[in-house]
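Have a look at the structure below before the remarks.
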Amino acid sequence: MQTLKSLIFAGGFMPHGNCYLWTPSLIGLHVVSDILIALSYLSIPITLVHFIRKRRDIPFSWMFLCFGAFIVACGGTHVMEVWTIWFPSYWLAGALKAMTACFSVATAILLIRIVPLALALPGTQWLIELNQKLIVEVEQRAKAESGLRHISEELEHRVAERTSELMASNQSLRESELRYRTLVEHAPEAIVVLDLDAGRFDDANRNAERLFGMTRDDLLRIGPLEVSPKHQPDGRLSSEAAAAALDRAVRFDSPRFEWIHRNAQGKEIPCEISLVRLPSSGRKLVRGSIVDISERKRAEEEIHKLNTELELRVKERTAQLEAANRDLESFTYSVSHDLRAPLRHMDGFSRILVEEYGPQIPPGAMRHVERVRAATLHMGHLVDDLLNLARVGRGSLRVGPADLNELLADTILSLEAETRNRVVSWRVGRLSQVRCDPGLMRQVFFNLLSNALKFTRHREKAIVEIGEIREESDPVFFVRDNGVGFDMKYADKLFQVFQRLHGENEFEGSGVGLAIVHRILQKHGGAIRAESSPQNGATFFFAVDHPLRTSPAPVAVIGGAP
Amino acid sequence: MRPEENEILLADDSSADVDLTLHALQKNKLINRIHVVRDGEEALNFLFCTGPYQQRVHQPLPLFLLLDLKMSKVGGLSVLRALKQDRRTRWMPVIVLTSSKEESDLTASYELRANSYIQKPLDFAQFRETVHTLAQYWLFLNQLPPQQTITDRAEMPL
C-alpha cells in the first residue's frame with residue numbers, strides 16, 4: 001500500500017504546477033488542452049470499435065484495435081499530464097508513457113508490416129469505378145432481365161396460340177374425319193377398304209353391309225373372294241381376275257369393271273366396281289366402290305330385247321316395203337311392156353285396116369276408126385305419163401349443184417316446135433344456183449313451161465315469165481303466164497294425178513304433168529303452189545330445197561286479160 | 001329353102017307384134033328374108049342348131065336378130081346373154097326391139113352387149129318407119145365379116 005501510495009504521490013516530488021509557477025492561465029491552457037486531447041483520444045477508439053463492429057468486412061480489423069489501444073494509451077498520458085500538475089505521480093506517469101510507448105511501437109511495427117497488404121487492397125476510386133461498372137451491369141442485367149421476361153411472355157403467348165391452333169386443327173381433323181366417315185357411311189354405293197397384305201377388308205360402310213348381307217364386323221373378318229362366286233361370267237377364276245384388278249389399283253391405276261358378287265344368302269349380284277389405292281404409309285390399302293347394277297342389267301337386257309324386237313320389226317317392215325317396191329316395180333314393168341303392146345296393136349291394125357280396106361270402108365266408119373286411133377294414142381300418153389310419175393317416185397335423187405339458167409334455156413329450146421306459128425314472149429330472169437337433180441329439174445321446167453304454152457294458146461301474144469323472188473333469203477322460183485288461168489277453188493286438185501281443171505276438148509293432157517312436178521319437188525324437200533284466177537293467167541311458185549310459206553310476196557300480174 | 005330367107009331372125013312371142021313387124025317389112029320386100037321364132041328357147045335352138053334346128057348346121061347364121069325382151073319360156077335378156085357369151089354367135093348383131101324403155105331393160109341390154117335398143121313406137125306409121133330404117137341399116141349399110149356356119153365359127157381361133 002505504501003508502495004502504491006509512493007507510486008501515486010511520489011513523495012518528494014513537486015507537483016508539475018510548480019513548473020508553471022502556478023500561473024493559473026498557463027495551468028488552465030495545459031489542463032483544458034490535455035483534457036480535450038484525452039477526450040478526443042478516448043472518443044476515437046470508441047468510434048473505431050463502433051466502425052469495426054458495423055463493418056465486419058473490413059480487413060485487418062485487429063489493426064484498428066491496435067490503433068484503439070495505442071490512442072487510449074496516448075489519451076491516458078494526457079490525463080496523467082493534468083494529474084501531475086497537482087499530484088507529482090511521475091512514476092505512474094512514466095509507466096503509463098512506457099505502456100503507451102509499447103503500444104505505439106507495436107502498432108507502428110504491425111502497421112509497417114501490413115502496409116503492403118493494405119496497399120494490395122482496392123482503393124476507393126477503383127471501388128467507385130467498380131461500383132459504376134456494377135451499376136451499369138446491374139442496369140444491363142435489369143434490361144436483359146426485362147428482355148428475357150418479354151421473350152418469355154412472348155413464348156408463353158406463342159405456346160398458348162400454338163396450343164389453341166393445335167386444338168383447332170385437332171378439332172377440324174376430327175370434323176373432317178367425321179365428315180368423310182359420314183360421306184362414306186351414307187354414300188349410295190357400297191364402299192369397302194381392302195388391306196392387300198392381310199387380304200381382308202379393313203373397312204366397310206352401311207351399304208356394303210346391306211349388299212353383302214352381313215355385319216361390318218363379319219365383313220372385316222373376310223376378303224373379297226369370300227363374297228364372290230368361284231368363276232366370273234367370262235369364265236375366269238374370280239381369284240385371278242381380282243388379283244389382276246387389284247394389281248392395277250396398286251400401281252395407282254383406277255380400274256373400273258363389272259363383277260359378280262355373292263352375298264351371304266348366296267344370291268349373285270351383278271356389280272360395277274371401281275378401285276383406287278388409298279394413300280397410306282406402309283400399308284397397301286385399296287378402296288373398292290361397288291354399285292349393284294342388277295337394275296341396270298335388267299334394263300339393258302330389256303333394251304336389248306326391245307331393240308332386237310324393233311330390229312326384227314324394222315327388218316319385217318323393210319322386207320314388206322321391199323316386197324311392195326318389188327311389186328310396184330314389176331307392176332310398172334308390166335305396164336311398160338304389156339299395156340303398151342295392145343295399144344300398138346290397136347293402132348297398127350286399125351291403120352292396116354284403113355290402108356288395106358280403105359275403099360270398102362264407108363266414110364262414117366272411117367271416122368270411128370280414126371277415133372279408135374286417137375283414143376289409142378291418148379291411152380299411150382296416159383301410160384307413158386303414169387310410168388314417168390312412177391319412175392320419179394321410185395328413182396333416187398342424184399343431187400348436185402345445178403345451173404338452173406342453163407337448164408331453163410335448154411328447155412325453152414326444146415319447146416321450139418310448140419311455139420311454131422305462135423307469138424310467144426319469154427321473159428327470163430336470173431335464177432340462183434341450187435342443189436338438185438338436174439334431170440328431174442329439167443322435167444319440172446319442161447312440164448311447167450309446156451303448161452304455160454298450152455294454156456296461152458288462145459292469146460294473141462303469149463307471155464311466159466320465169467323468175468325468182470326471195471322468201472327470207474331463200475330463193476323461190478316462179479313461172480307465170482297470161483293464159484286462161486283457173487279458179488282458185490280448184491287449186492287443191494291441181495297437183496293430183498289425173499285431175500284436170502279444163503275439158504279434154506279445150507286443152508289436151510293427161511293430168512299427170514303437174515303431179516310429176518309436185519312429186520319431184522317434194523322429193524327434193526321443196527314445194528309448189530299456184531295463184532290464179534280465171535282468164536288472168538297463172539303463177540306457179542316453187543322452192544327446190546325448202547318448204548314454201550303459204551303466201552309468198554305478191555308479184556304484179558303480167559299480161560292481164562286479153 | 002333359099003338361103004336369104006334366114007337373113008333376119010325375129011324373136012317375138014306376140015303374134016300380133018309379129019304380124020305388125022312383118023307388115024312393116026312387107027313394103028321393103030324383106031318379108032321373105034325373115035325367119036320368125038316364137039320364144040327365147042326356139043331362138044336359141046335356131047341359132048345354135050339344136051333340137052328341131054339340127055339340120056341348120058350347114059347354114060350360115062342370120063345377119064342380125066330382132067329380139068323382143070318379154071317372151072315366154074326364155075326371156076330376151078337370157079337369149080342375149082347366151083348369144084354374147086358364146087364365141088360362135090357373139091359377133092352377130094342383136095337389136096332389142098321391145099315395148100318398154102324401162103331403164104333397167106336398157107341398162108341390162110347394153111351390159112349384155114346388145115348392139116342396139118329400140119322402143120316400138122305406139123304410132124304404127126312411126127313403127128313402120130323405124131323397122132324400115134333399121135332393116136336398111138343392118139342389111140345394107142352395116143358391114144359384117146363373111147357369112148359362115150356355126151361350125152366354121154367354132155373352129156375359128158379366138
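Ligands are numbered from 1 in the order shown, chains are lettered A, B, ... in the order of the C-alpha cells, and residues start at 1 in each chain.
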
In stretch 23-121 of chain B, what's strand (DSSP E or B) per DSSP? Answer as a PDB file with C-alpha atoms, in the first residue's frame?
```
ATOM      1  CA  ILE B  34     -87.210 -63.123-192.228  1.00  0.00           C
ATOM      2  CA  HIS B  35     -87.407 -66.148-190.037  1.00  0.00           C
ATOM      3  CA  VAL B  36     -89.669 -65.897-187.002  1.00  0.00           C
ATOM      4  CA  VAL B  37     -89.206 -67.763-183.740  1.00  0.00           C
ATOM      5  CA  PRO B  60     -74.973 -69.505-192.154  1.00  0.00           C
ATOM      6  CA  PHE B  64     -78.931 -59.842-187.349  1.00  0.00           C
ATOM      7  CA  LEU B  65     -81.509 -60.639-184.709  1.00  0.00           C
ATOM      8  CA  LEU B  66     -84.555 -58.538-183.824  1.00  0.00           C
ATOM      9  CA  LEU B  67     -85.141 -59.511-180.229  1.00  0.00           C
ATOM     10  CA  VAL B  94     -78.650 -58.170-181.811  1.00  0.00           C
ATOM     11  CA  ILE B  95     -81.200 -55.372-181.967  1.00  0.00           C
ATOM     12  CA  VAL B  96     -83.508 -55.235-178.990  1.00  0.00           C
ATOM     13  CA  LEU B  97     -86.933 -54.228-180.266  1.00  0.00           C
ATOM     14  CA  THR B  98     -89.386 -54.023-177.451  1.00  0.00           C
ATOM     15  CA  SER B 116     -78.953 -51.507-180.473  1.00  0.00           C
ATOM     16  CA  TYR B 117     -82.070 -50.802-178.419  1.00  0.00           C
ATOM     17  CA  ILE B 118     -85.269 -49.595-179.995  1.00  0.00           C
ATOM     18  CA  GLN B 119     -88.619 -48.985-178.358  1.00  0.00           C
TER      19      GLN B 119
END
```

Q: Up to 12 Å from chain A, what residues of chain B turn up? Count only C-alpha atoms and give them as number ranges by chain.
A: B: 12-24, 26, 68-71, 97-105, 119-128

Q. Which of these, B:Ala82, B:Leu25, B:Leu63, B:Gly75, has the shortest distance to B:Pro145 once you count only C-alpha atoms?
A.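 The closest residue to B:Pro145 is B:Leu63.
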
Q: Return as number ranges by chain the full set of residues in stretch 43-152 of chain B whose backbone-based DSSP assignment is helix (DSSP H, G or I).
A: B: 43-48, 51-58, 76-85, 103-111, 124-141, 150-152

(Q) Can you measure atom CA of A:Gly223 to atom CA of A:Ala242 for me? One decimal in Å is fine. (A)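 Result for atom CA of A:Gly223 versus atom CA of A:Ala242: 10.9 Å, one decimal.
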
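Across the model, the gap from atom CA of A:Pro59 to atom CA of A:Ala38 is 27.6 Å.
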
Q) Which residues come within 7 Å of stretch 39-49 of chain B, counting only C-alpha atoms, excluding same-chain residues fewer than 2 positions away, as a ChimeraX atom specification? A) /B:11-13,37,51,53-57,61,71-76,79

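Checking B:Thr149, B:Gln59, B:Asn142, B:Asn32 one by one against B:Asn115, counting only C-alpha atoms, you find the shortest gap at B:Asn142.
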
Q.
Set the distance at 9 Å and use only C-alpha atoms: which residues neighbour stretch 261-271 of chain A once local chain neighbours fewer than 6 positions away are removed? I'd like the list as a ChimeraX atom specification.
A. /A:211-214,224-229,232,290-294,297

Q: Tell me, in Å to one decimal, how far atom CA of A:Phe455 is from atom CA of A:Leu548.
A: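 Result for atom CA of A:Phe455 versus atom CA of A:Leu548: 24.7 Å, one decimal.
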